[in-house]
$ cat coords_8.txt   # compact mmCIF, C-alpha atoms and all ligand atoms
# COMPACT_ATOMS: atom_id res chain seq x y z
CA MET L 30 166.74 150.21 139.40
CA LEU L 31 163.13 150.67 138.33
CA ASN L 32 162.76 148.95 134.97
CA ILE L 33 159.86 148.03 132.74
CA ASP L 34 160.02 144.26 132.97
CA LEU L 35 157.62 142.36 130.76
CA SER L 36 159.54 139.11 130.66
CA GLY L 37 157.26 136.08 130.61
CA ARG L 38 154.40 138.18 129.22
CA ARG L 39 152.75 137.93 125.84
CA ALA L 40 151.49 140.91 123.84
CA LEU L 41 149.32 141.22 120.79
CA VAL L 42 149.69 144.39 118.76
CA ALA L 43 146.87 144.82 116.25
CA GLY L 44 147.67 147.12 113.34
CA VAL L 45 151.24 146.40 112.24
CA ALA L 46 151.95 146.14 108.52
CA ASP L 47 155.28 147.94 108.16
CA ASP L 48 157.95 149.52 110.33
CA GLY L 49 156.73 153.09 109.86
CA GLY L 50 153.88 153.43 112.34
CA PHE L 51 153.13 153.43 116.05
CA GLY L 52 152.20 149.72 116.13
CA PHE L 53 155.70 148.67 115.08
CA ALA L 54 157.34 151.05 117.57
CA ILE L 55 155.09 149.72 120.34
CA ALA L 56 155.85 146.11 119.40
CA LYS L 57 159.55 146.93 119.54
CA ALA L 58 159.31 148.66 122.92
CA LEU L 59 157.35 145.72 124.36
CA ALA L 60 159.99 143.32 123.04
CA GLU L 61 162.77 145.50 124.50
CA ALA L 62 161.02 145.11 127.85
CA GLY L 63 161.11 141.32 127.44
CA ALA L 64 157.59 140.51 126.19
CA SER L 65 156.95 138.05 123.38
CA VAL L 66 154.99 139.88 120.71
CA CYS L 67 152.36 138.69 118.26
CA VAL L 68 150.88 141.04 115.70
CA GLY L 69 147.61 141.33 113.82
CA THR L 70 147.88 142.51 110.22
CA TRP L 71 145.16 143.69 107.84
CA PRO L 72 144.86 141.12 105.01
CA PRO L 73 145.27 143.68 102.20
CA ALA L 74 148.67 144.60 103.69
CA LEU L 75 149.73 141.13 104.85
CA ASN L 76 151.68 139.89 101.82
CA ILE L 77 153.66 143.08 101.45
CA PHE L 78 154.50 142.96 105.16
CA LEU L 79 155.62 139.32 104.99
CA ASN L 80 157.73 140.11 101.92
CA LEU L 81 159.40 143.07 103.60
CA LEU L 82 160.24 140.86 106.58
CA GLU L 83 161.47 137.96 104.47
CA ARG L 84 163.65 140.11 102.23
CA GLY L 85 165.30 141.70 105.26
CA LYS L 86 164.00 145.17 104.34
CA MET L 87 163.10 145.86 107.94
CA ASP L 88 166.18 144.39 109.59
CA GLU L 89 167.59 147.80 110.44
CA SER L 90 164.45 148.89 112.28
CA ARG L 91 164.00 145.46 113.88
CA ARG L 92 167.38 145.70 115.62
CA LEU L 93 166.98 145.61 119.42
CA SER L 94 169.44 147.12 121.88
CA ASP L 95 171.03 143.71 122.58
CA GLY L 96 171.82 143.34 118.85
CA SER L 97 169.16 140.71 118.14
CA LEU L 98 166.27 141.29 115.72
CA LEU L 99 162.69 141.84 116.84
CA GLU L 100 160.87 138.56 116.12
CA PHE L 101 157.11 138.28 115.96
CA GLU L 102 155.99 135.15 117.75
CA LYS L 103 153.03 134.97 115.38
CA ILE L 104 151.57 137.15 112.63
CA TYR L 105 147.78 136.84 112.51
CA PRO L 106 145.60 138.09 109.67
CA LEU L 107 143.07 140.51 111.17
CA ASP L 108 140.33 142.58 109.65
CA ALA L 109 138.95 144.40 112.66
CA VAL L 110 135.71 145.46 110.97
CA PHE L 111 134.47 141.89 111.25
CA ASP L 112 133.51 140.28 114.54
CA THR L 113 132.89 136.76 113.22
CA TYR L 114 133.63 134.83 110.03
CA GLU L 115 129.94 135.01 109.11
CA ASP L 116 130.21 138.81 109.04
CA ILE L 117 132.76 138.71 106.19
CA PRO L 118 130.84 139.10 102.92
CA THR L 119 131.21 136.09 100.59
CA GLU L 120 132.61 138.32 97.86
CA LEU L 121 135.39 139.50 100.17
CA ARG L 122 136.11 135.97 101.43
CA GLU L 123 136.80 135.05 97.81
CA ASN L 124 138.98 138.09 97.17
CA LYS L 125 142.61 137.17 96.48
CA ARG L 126 143.83 138.97 99.59
CA TYR L 127 141.37 137.11 101.84
CA ARG L 128 140.79 133.66 100.42
CA ASP L 129 143.93 132.07 101.88
CA VAL L 130 143.93 133.74 105.28
CA GLY L 131 140.92 131.92 106.75
CA ASP L 132 138.95 133.50 109.56
CA CYS L 133 140.51 136.95 109.97
CA SER L 134 137.64 138.30 112.08
CA ILE L 135 138.23 139.36 115.70
CA ASN L 136 136.57 136.14 116.83
CA GLY L 137 138.80 134.18 114.45
CA LEU L 138 141.84 135.91 115.91
CA ALA L 139 140.75 135.00 119.46
CA SER L 140 140.20 131.34 118.45
CA ALA L 141 143.56 131.16 116.70
CA ILE L 142 145.35 132.58 119.75
CA VAL L 143 143.67 130.01 122.03
CA ALA L 144 144.55 127.21 119.58
CA ASP L 145 148.19 128.36 119.51
CA PHE L 146 148.78 129.22 123.16
CA GLY L 147 145.91 127.91 125.32
CA GLU L 148 142.96 129.43 127.16
CA ARG L 149 144.48 132.52 128.84
CA PRO L 150 147.72 133.32 127.07
CA LEU L 151 147.63 137.14 126.80
CA ASP L 152 148.84 139.94 129.07
CA ILE L 153 148.82 142.94 126.75
CA VAL L 154 146.65 143.91 123.79
CA VAL L 155 147.38 147.06 121.81
CA HIS L 156 144.87 148.44 119.32
CA SER L 157 146.88 150.48 116.82
CA LEU L 158 144.59 150.61 113.84
CA ALA L 159 142.20 153.02 112.21
CA ASN L 160 140.55 153.52 108.89
CA GLY L 161 138.30 156.25 107.57
CA PRO L 162 137.58 155.90 103.87
CA GLU L 163 136.40 159.51 103.64
CA VAL L 164 139.01 161.05 105.97
CA LYS L 165 139.88 163.72 103.40
CA LYS L 166 136.28 164.96 103.25
CA PRO L 167 134.92 167.61 105.62
CA LEU L 168 132.43 166.13 108.11
CA LEU L 169 129.67 168.10 106.38
CA ASP L 170 130.36 166.24 103.12
CA THR L 171 130.84 162.81 104.68
CA SER L 172 128.37 160.11 103.69
CA ARG L 173 126.56 158.04 106.29
CA ALA L 174 128.39 154.96 105.00
CA GLY L 175 131.79 156.68 105.27
CA TYR L 176 131.05 157.94 108.79
CA LEU L 177 129.88 154.55 110.00
CA ALA L 178 132.87 152.83 108.35
CA ALA L 179 135.24 155.13 110.27
CA LEU L 180 133.43 154.34 113.53
CA SER L 181 133.37 150.63 112.77
CA ALA L 182 137.06 150.25 111.90
CA SER L 183 138.46 152.78 114.34
CA ALA L 184 136.24 152.64 117.44
CA TYR L 185 133.91 149.63 117.59
CA SER L 186 136.89 147.44 116.74
CA LEU L 187 138.27 148.23 120.22
CA VAL L 188 134.97 147.33 121.91
CA SER L 189 134.91 144.03 120.03
CA MET L 190 138.56 143.30 120.83
CA VAL L 191 138.08 143.93 124.54
CA ALA L 192 134.95 141.75 124.55
CA ARG L 193 136.58 138.87 122.69
CA LEU L 194 140.17 139.07 123.93
CA GLY L 195 139.37 140.12 127.52
CA PRO L 196 138.57 136.50 128.50
CA LEU L 197 142.01 135.47 127.16
CA MET L 198 143.87 137.88 129.41
CA ARG L 199 145.82 136.79 132.46
CA PRO L 200 145.32 138.70 135.75
CA GLY L 201 146.81 142.19 135.56
CA GLY L 202 146.31 142.35 131.79
CA ALA L 203 146.19 145.67 129.95
CA PHE L 204 144.64 147.04 126.79
CA SER L 205 145.89 150.19 125.15
CA SER L 206 144.89 152.03 121.98
CA LEU L 207 145.89 155.10 120.00
CA THR L 208 143.79 158.20 119.72
CA TYR L 209 144.21 161.73 118.41
CA MET L 210 143.32 165.16 119.78
CA ALA L 211 140.91 165.77 116.87
CA SER L 212 138.42 163.99 119.16
CA GLU L 213 138.15 167.06 121.39
CA ARG L 214 139.50 170.05 119.40
CA VAL L 215 138.88 171.01 115.79
CA ILE L 216 141.60 169.83 113.43
CA PRO L 217 140.56 171.07 109.99
CA GLY L 218 141.26 168.34 107.44
CA TYR L 219 140.83 165.37 109.81
CA GLY L 220 137.44 164.51 108.43
CA GLY L 221 135.27 161.64 107.28
CA GLY L 222 134.01 160.96 110.80
CA MET L 223 137.51 160.12 112.03
CA SER L 224 137.30 162.83 114.70
CA SER L 225 133.99 161.32 115.81
CA ALA L 226 135.58 157.85 115.85
CA LYS L 227 138.39 159.08 118.12
CA ALA L 228 135.85 160.75 120.44
CA ALA L 229 134.01 157.43 120.65
CA LEU L 230 137.27 155.56 121.25
CA GLU L 231 138.16 157.83 124.18
CA SER L 232 134.70 157.65 125.71
CA ASP L 233 134.64 153.87 125.25
CA THR L 234 138.04 153.66 126.93
CA ARG L 235 136.47 154.95 130.15
CA LEU L 236 133.43 152.68 130.08
CA LEU L 237 135.43 149.67 128.91
CA ALA L 238 137.91 150.29 131.73
CA PHE L 239 135.01 150.00 134.17
CA GLU L 240 133.24 147.04 132.58
CA ALA L 241 136.35 145.05 131.63
CA GLY L 242 137.99 145.92 134.94
CA ARG L 243 135.08 144.36 136.79
CA ARG L 244 134.54 141.48 134.36
CA PHE L 245 138.07 140.47 133.40
CA GLY L 246 140.30 142.31 135.88
CA VAL L 247 142.09 144.16 133.09
CA ARG L 248 142.99 147.81 132.49
CA VAL L 249 142.04 149.89 129.44
CA ASN L 250 143.83 153.11 128.47
CA THR L 251 144.42 155.12 125.33
CA VAL L 252 147.41 157.16 124.21
CA SER L 253 146.67 160.45 122.45
CA ALA L 254 149.64 160.77 120.14
CA GLY L 255 150.79 163.89 118.35
CA PRO L 256 150.90 163.91 114.55
CA TYR L 257 153.44 161.57 113.00
CA ALA L 258 153.97 160.76 109.30
CA SER L 259 153.06 157.05 109.31
CA ARG L 260 151.55 155.38 106.28
CA ALA L 261 148.00 155.82 107.61
CA ALA L 262 148.59 159.46 108.54
CA SER L 263 150.02 160.25 105.13
CA ALA L 264 146.62 159.27 103.70
CA ILE L 265 145.13 162.31 105.46
CA GLY L 266 147.10 164.44 103.03
CA ILE L 267 148.09 167.25 105.43
CA ILE L 268 150.30 165.34 107.86
CA GLY L 269 153.43 167.29 106.92
CA ARG L 270 151.72 170.55 107.85
CA MET L 271 150.34 169.06 111.06
CA VAL L 272 153.79 167.91 112.19
CA GLU L 273 155.31 171.28 111.35
CA TYR L 274 152.57 173.20 113.18
CA VAL L 275 153.04 171.17 116.34
CA GLY L 276 156.81 171.62 116.11
CA LYS L 277 156.30 175.39 116.04
CA ASN L 278 153.66 175.59 118.73
CA ALA L 279 154.12 172.78 121.28
CA PRO L 280 156.00 173.24 124.58
CA LEU L 281 158.63 170.81 123.26
CA THR L 282 159.65 171.72 119.74
CA ASP L 283 161.48 168.59 118.59
CA HIS L 284 159.30 166.32 116.46
CA LEU L 285 157.53 163.39 118.09
CA LEU L 286 159.26 160.05 117.62
CA ALA L 287 157.31 156.79 117.25
CA GLU L 288 159.67 155.38 119.92
CA GLU L 289 158.26 157.86 122.42
CA VAL L 290 154.78 156.49 121.84
CA GLY L 291 156.26 152.98 122.05
CA THR L 292 157.90 153.47 125.44
CA ALA L 293 154.90 155.30 126.94
CA THR L 294 152.62 152.48 125.81
CA ALA L 295 154.99 149.85 127.20
CA PHE L 296 154.86 151.66 130.55
CA LEU L 297 151.04 151.88 130.47
CA CYS L 298 150.81 148.15 129.76
CA SER L 299 153.35 147.24 132.43
CA PRO L 300 152.84 146.46 136.13
CA LEU L 301 154.34 149.89 136.87
CA ALA L 302 151.03 151.37 135.67
CA SER L 303 148.83 148.94 137.61
CA GLY L 304 146.89 151.83 139.14
CA ILE L 305 146.12 153.54 135.83
CA THR L 306 142.99 152.71 133.88
CA GLY L 307 140.30 154.56 131.93
CA THR L 308 142.69 157.38 130.99
CA THR L 309 143.77 159.23 127.88
CA VAL L 310 147.50 159.82 128.13
CA TYR L 311 148.93 162.54 125.90
CA VAL L 312 152.19 161.72 124.16
CA ASP L 313 152.31 164.81 121.96
CA LYS L 314 155.19 166.99 123.19
CA GLY L 315 152.64 168.86 125.30
CA PHE L 316 150.70 170.32 122.38
CA HIS L 317 147.31 169.53 123.96
CA ALA L 318 148.01 172.03 126.73
CA MET L 319 148.29 175.01 124.39
CA GLY L 320 145.46 177.48 123.90
CA MET L 321 147.09 179.87 121.45
CA ALA L 322 149.53 179.57 118.59
CA VAL L 323 153.01 180.75 119.57
CA GLU L 324 153.35 183.16 116.66
CA GLU L 325 149.98 184.74 117.45
CA ALA L 326 151.09 185.28 121.05
CA GLY L 327 154.36 186.82 119.90
CA GLU L 328 156.30 184.21 121.89
CA ARG L 329 159.34 182.28 120.62
N1 LIG X 401 150.18 159.00 112.82
C1 LIG X 401 149.55 159.93 113.51
O1 LIG X 401 149.73 161.13 113.30
C2 LIG X 401 148.60 159.51 114.60
C3 LIG X 401 148.32 160.40 115.64
C4 LIG X 401 147.47 159.99 116.68
C5 LIG X 401 146.91 158.72 116.65
N2 LIG X 401 147.22 157.87 115.60
C6 LIG X 401 146.63 156.53 115.62
O2 LIG X 401 147.65 155.55 115.73
C7 LIG X 401 147.10 154.31 115.28
C8 LIG X 401 148.12 153.66 114.34
O3 LIG X 401 148.24 154.43 113.18
P1 LIG X 401 149.63 154.88 112.55
O4 LIG X 401 149.53 156.35 112.28
O5 LIG X 401 150.76 154.39 113.34
O6 LIG X 401 149.60 154.22 111.10
P2 LIG X 401 149.87 152.74 110.57
O7 LIG X 401 149.64 152.80 109.12
O8 LIG X 401 151.20 152.23 111.05
O9 LIG X 401 148.77 151.88 111.32
C9 LIG X 401 147.44 151.73 110.94
C10 LIG X 401 147.22 150.25 110.72
O10 LIG X 401 145.82 149.97 110.68
C11 LIG X 401 145.68 148.88 109.82
N3 LIG X 401 144.25 148.72 109.48
C12 LIG X 401 143.46 149.56 108.77
N4 LIG X 401 142.22 149.04 108.69
C13 LIG X 401 142.24 147.87 109.38
C14 LIG X 401 141.28 146.86 109.64
N5 LIG X 401 140.02 146.97 109.18
N6 LIG X 401 141.63 145.77 110.36
C15 LIG X 401 142.90 145.65 110.81
N7 LIG X 401 143.86 146.57 110.61
C16 LIG X 401 143.53 147.66 109.88
C17 LIG X 401 146.59 149.23 108.65
O11 LIG X 401 146.88 148.10 107.87
C18 LIG X 401 147.81 149.74 109.41
O12 LIG X 401 148.71 148.68 109.68
C19 LIG X 401 145.77 154.63 114.62
O13 LIG X 401 144.73 154.39 115.55
C20 LIG X 401 145.88 156.12 114.37
O14 LIG X 401 144.63 156.77 114.27
C21 LIG X 401 148.06 158.24 114.60

$ encode --input "coords_8.txt" --output "structure tokens"
Amino acid sequence: MLNIDLSGRRALVAGVADDGGFGFAIAKALAEAGASVCVGTWPPALNIFLNLLERGKMDESRRLSDGSLLEFEKIYPLDAVFDTYEDIPTELRENKRYRDVGDCSINGLASAIVADFGERPLDIVVHSLANGPEVKKPLLDTSRAGYLAALSASAYSLVSMVARLGPLMRPGGAFSSLTYMASERVIPGYGGGMSSAKAALESDTRLLAFEAGRRFGVRVNTVSAGPYASRAASAIGIIGRMVEYVGKNAPLTDHLLAEEVGTATAFLCSPLASGITGTTVYVDKGFHAMGMAVEEAGER
């Protein structure tokens, strides 16, 4: 039988702070395949996440097929807009959400992983995070600061993670990230420079695949997921309508499950996908292939 077997491998999933998004589903799929899974969590969301875990509020969703609960080998604080500790403004370092977490920069994460597990302890890194403070604003009304913040949190963060975590990867390692079709087609309402950030992320995926392939021997891919009502997506404000529209117009009409993104990502990060790098893989029920709304075409 052809199985996804990740036993003996270690994954880091950056961007998990509850059980409602793609990061959690990916972590669970990787664990189902036998990987040990560490996560990176944004400091403002860290305490709530730890509380939810401690109080057993996520036990249902943590249940694996063998009956055990998904355990995170380590939960690292991570603010992916900072590359080094020096980049974190003093004011923020003293903020109550940050002052006890130490160096939550990408560099700090890399150092902590080496301190915990040694020089080359990683096989899989998943970037499942994004932030666009002005996402509800049309691009025309987006400030320079808002646009650059979206690019910084949602696109450059991948470049920085590949640069800093690439050297920690064992041979055959794989990076994966999450993107959205607003990078290449107009999705009214997905503003604030987030569409630009996803376009950058997809372009960077190709160049990073080349550079990191040559430099570290790792693969870099991105999954273009269909709309899904996670916490982050709910902040866009129109996610319900986006999900409904895709349900009506995609080749497959059942709504996308986070598990489907989880299993596709586990495949992409597994040895079964050893020949795949630099690609954008659509996990969107086929919606990207459509050129006309079903109702407009008179189809059912
Ligand atoms: N939900 C969708 O409809 C959809 C569709 C396509 C792609 N995506 C992408 O999937 C990825 C995961 O998002 P999701 O929808 O599962 O929501 P989510 O809320 O589960 O994940 C987003 C995570 O990013 C974290 N984050 C925000 N800023 C951060 C920072 N500076 N440093 C570290 N972490 C930070 C948040 O704490 C959160 O845990 C994102 O890249 C998103 O753009 C989502």

$ closest_residue --input "coords_8.txt" --among "L:Ala238, L:Ala184, L:Val130, L:Leu93" --to "ligand LIG 401 (chain X)" --atoms "all atoms listed in the file"
L:Ala184

$ axis_aligned_box --input "coords_8.txt" --around "ligand LIG 401 (chain X)" --padding-each-side "8 Å" --output "JSON"
{"center_x": 145.6, "center_y": 153.4, "center_z": 112.3, "size_x": 27.2, "size_y": 31.5, "size_z": 24.8}

$ residues_near_point --input "coords_8.txt" --point "(146.8, 169.0, 108.4)" --cutoff "9 Å" --atoms "all atoms listed in the file" --output "list in words"
Ile216, Pro217, Gly218, Tyr219, Pro256, Ile265, Gly266, Ile267, Ile268, Gly269, Arg270, Met271, Val272 and Tyr274 of chain L

$ atom_distance --input "coords_8.txt" --atom1 "atom CA of L:Glu325" --atom2 "atom CA of L:His284"
20.7 Å

$ closest_atom_pairs --input "coords_8.txt" --of "chain L" --to "ligand LIG 401 (chain X)" --cutoff "6 Å" --atoms "all atoms listed in the file" --output "Markdown table"
| residue | atom | partner | partner_atom | distance |
| --- | --- | --- | --- | --- |
| L:Gly44 | CA | X:LIG401 | C10 | 4.1 |
| L:Val45 | CA | X:LIG401 | O12 | 4.3 |
| L:Ala46 | CA | X:LIG401 | O12 | 4.3 |
| L:Gly49 | CA | X:LIG401 | O8 | 5.7 |
| L:Gly50 | CA | X:LIG401 | O8 | 3.2 |
| L:Phe51 | CA | X:LIG401 | O5 | 3.7 |
| L:Gly52 | CA | X:LIG401 | O5 | 5.6 |
| L:Thr70 | CA | X:LIG401 | N7 | 5.7 |
| L:Trp71 | CA | X:LIG401 | N7 | 4.2 |
| L:Ala74 | CA | X:LIG401 | O11 | 5.7 |
| L:Leu107 | CA | X:LIG401 | C15 | 5.2 |
| L:Asp108 | CA | X:LIG401 | N6 | 3.5 |
| L:Ala109 | CA | X:LIG401 | N6 | 3.8 |
| L:Val110 | CA | X:LIG401 | N5 | 4.9 |
| L:Ser157 | CA | X:LIG401 | C7 | 4.1 |
| L:Leu158 | CA | X:LIG401 | O10 | 3.5 |
| L:Ala159 | CA | X:LIG401 | O13 | 4.4 |
| L:Asn160 | CA | X:LIG401 | N4 | 4.8 |
| L:Ala182 | CA | X:LIG401 | N5 | 5.2 |
| L:Leu207 | CA | X:LIG401 | O2 | 4.6 |
| L:Thr208 | CA | X:LIG401 | C5 | 4.4 |
| L:Tyr209 | CA | X:LIG401 | C4 | 4.1 |
| L:Ser253 | CA | X:LIG401 | C4 | 5.8 |
| L:Ala254 | CA | X:LIG401 | C4 | 4.2 |
| L:Gly255 | CA | X:LIG401 | C3 | 5.1 |
| L:Pro256 | CA | X:LIG401 | O1 | 3.3 |
| L:Tyr257 | CA | X:LIG401 | O1 | 3.7 |
| L:Ala258 | CA | X:LIG401 | N1 | 5.5 |
| L:Ser259 | CA | X:LIG401 | O4 | 4.7 |
| L:Arg260 | CA | X:LIG401 | O7 | 4.3 |
| L:Ala261 | CA | X:LIG401 | O7 | 3.8 |
| L:Ala262 | CA | X:LIG401 | N1 | 4.6 |

$ write_last_selection --input "coords_8.txt" --atoms "C-alpha atoms" --output "JSON list (two decimals), keeping the file's coordinate frame"
[["chain", "number", "residue", "atom", "x", "y", "z"],
["L", 44, "GLY", "CA", 147.67, 147.12, 113.34],
["L", 45, "VAL", "CA", 151.24, 146.40, 112.24],
["L", 46, "ALA", "CA", 151.95, 146.14, 108.52],
["L", 49, "GLY", "CA", 156.73, 153.09, 109.86],
["L", 50, "GLY", "CA", 153.88, 153.43, 112.34],
["L", 51, "PHE", "CA", 153.13, 153.43, 116.05],
["L", 52, "GLY", "CA", 152.20, 149.72, 116.13],
["L", 70, "THR", "CA", 147.88, 142.51, 110.22],
["L", 71, "TRP", "CA", 145.16, 143.69, 107.84],
["L", 74, "ALA", "CA", 148.67, 144.60, 103.69],
["L", 107, "LEU", "CA", 143.07, 140.51, 111.17],
["L", 108, "ASP", "CA", 140.33, 142.58, 109.65],
["L", 109, "ALA", "CA", 138.95, 144.40, 112.66],
["L", 110, "VAL", "CA", 135.71, 145.46, 110.97],
["L", 157, "SER", "CA", 146.88, 150.48, 116.82],
["L", 158, "LEU", "CA", 144.59, 150.61, 113.84],
["L", 159, "ALA", "CA", 142.20, 153.02, 112.21],
["L", 160, "ASN", "CA", 140.55, 153.52, 108.89],
["L", 182, "ALA", "CA", 137.06, 150.25, 111.90],
["L", 207, "LEU", "CA", 145.89, 155.10, 120.00],
["L", 208, "THR", "CA", 143.79, 158.20, 119.72],
["L", 209, "TYR", "CA", 144.21, 161.73, 118.41],
["L", 253, "SER", "CA", 146.67, 160.45, 122.45],
["L", 254, "ALA", "CA", 149.64, 160.77, 120.14],
["L", 255, "GLY", "CA", 150.79, 163.89, 118.35],
["L", 256, "PRO", "CA", 150.90, 163.91, 114.55],
["L", 257, "TYR", "CA", 153.44, 161.57, 113.00],
["L", 258, "ALA", "CA", 153.97, 160.76, 109.30],
["L", 259, "SER", "CA", 153.06, 157.05, 109.31],
["L", 260, "ARG", "CA", 151.55, 155.38, 106.28],
["L", 261, "ALA", "CA", 148.00, 155.82, 107.61],
["L", 262, "ALA", "CA", 148.59, 159.46, 108.54]]

$ residues_around --input "coords_8.txt" --residues "L:Ala302" --least-positions-apart "5" --cutoff "10 Å" --atoms "only C-alpha atoms" --output "NGL selection string"
:L and (33 or 203 or 248 or 295-297)

$ atom_distance --input "coords_8.txt" --atom1 "atom CA of L:Thr119" --atom2 "atom CA of L:Gly222"
27.0 Å

$ residues_around --input "coords_8.txt" --residues "L:Leu99" --least-positions-apart "6" --cutoff "8 Å" --atoms "all atoms listed in the file" --output "list in words"
Lys57, Ala60, Arg91, Arg92 and Leu93 of chain L

$ residues_near_point --input "coords_8.txt" --point "(141.9, 141.7, 122.6)" --cutoff "8 Å" --atoms "only C-alpha atoms" --output "list in words"
Leu41, Ala139, Val154, Val155, Leu187, Ser189, Met190, Val191, Ala192, Arg193, Leu194, Gly195, Leu197 and Phe204 of chain L

$ closest_residue --input "coords_8.txt" --among "L:Leu79, L:Val252, L:Phe101, L:Gly220" --to "L:Pro167" --atoms "all atoms listed in the file"
L:Gly220

$ residues_around --input "coords_8.txt" --residues "L:Leu237" --least-positions-apart "4" --cutoff "7 Å" --atoms "all atoms listed in the file" --output "ChimeraX atom specification"
/L:233,241,249

$ closest_residue --input "coords_8.txt" --among "L:Ser224, L:Asn136, L:Ser94, L:Thr306" --to "L:Glu240" --atoms "only C-alpha atoms"
L:Thr306

$ atom_distance --input "coords_8.txt" --atom1 "atom CA of L:Ile104" --atom2 "atom CA of L:Val68"
5.0 Å

$ closest_residue --input "coords_8.txt" --among "L:Gly304, L:Pro106, L:Gly276, L:Gly96" --to "L:Phe316" --atoms "all atoms listed in the file"
L:Gly276
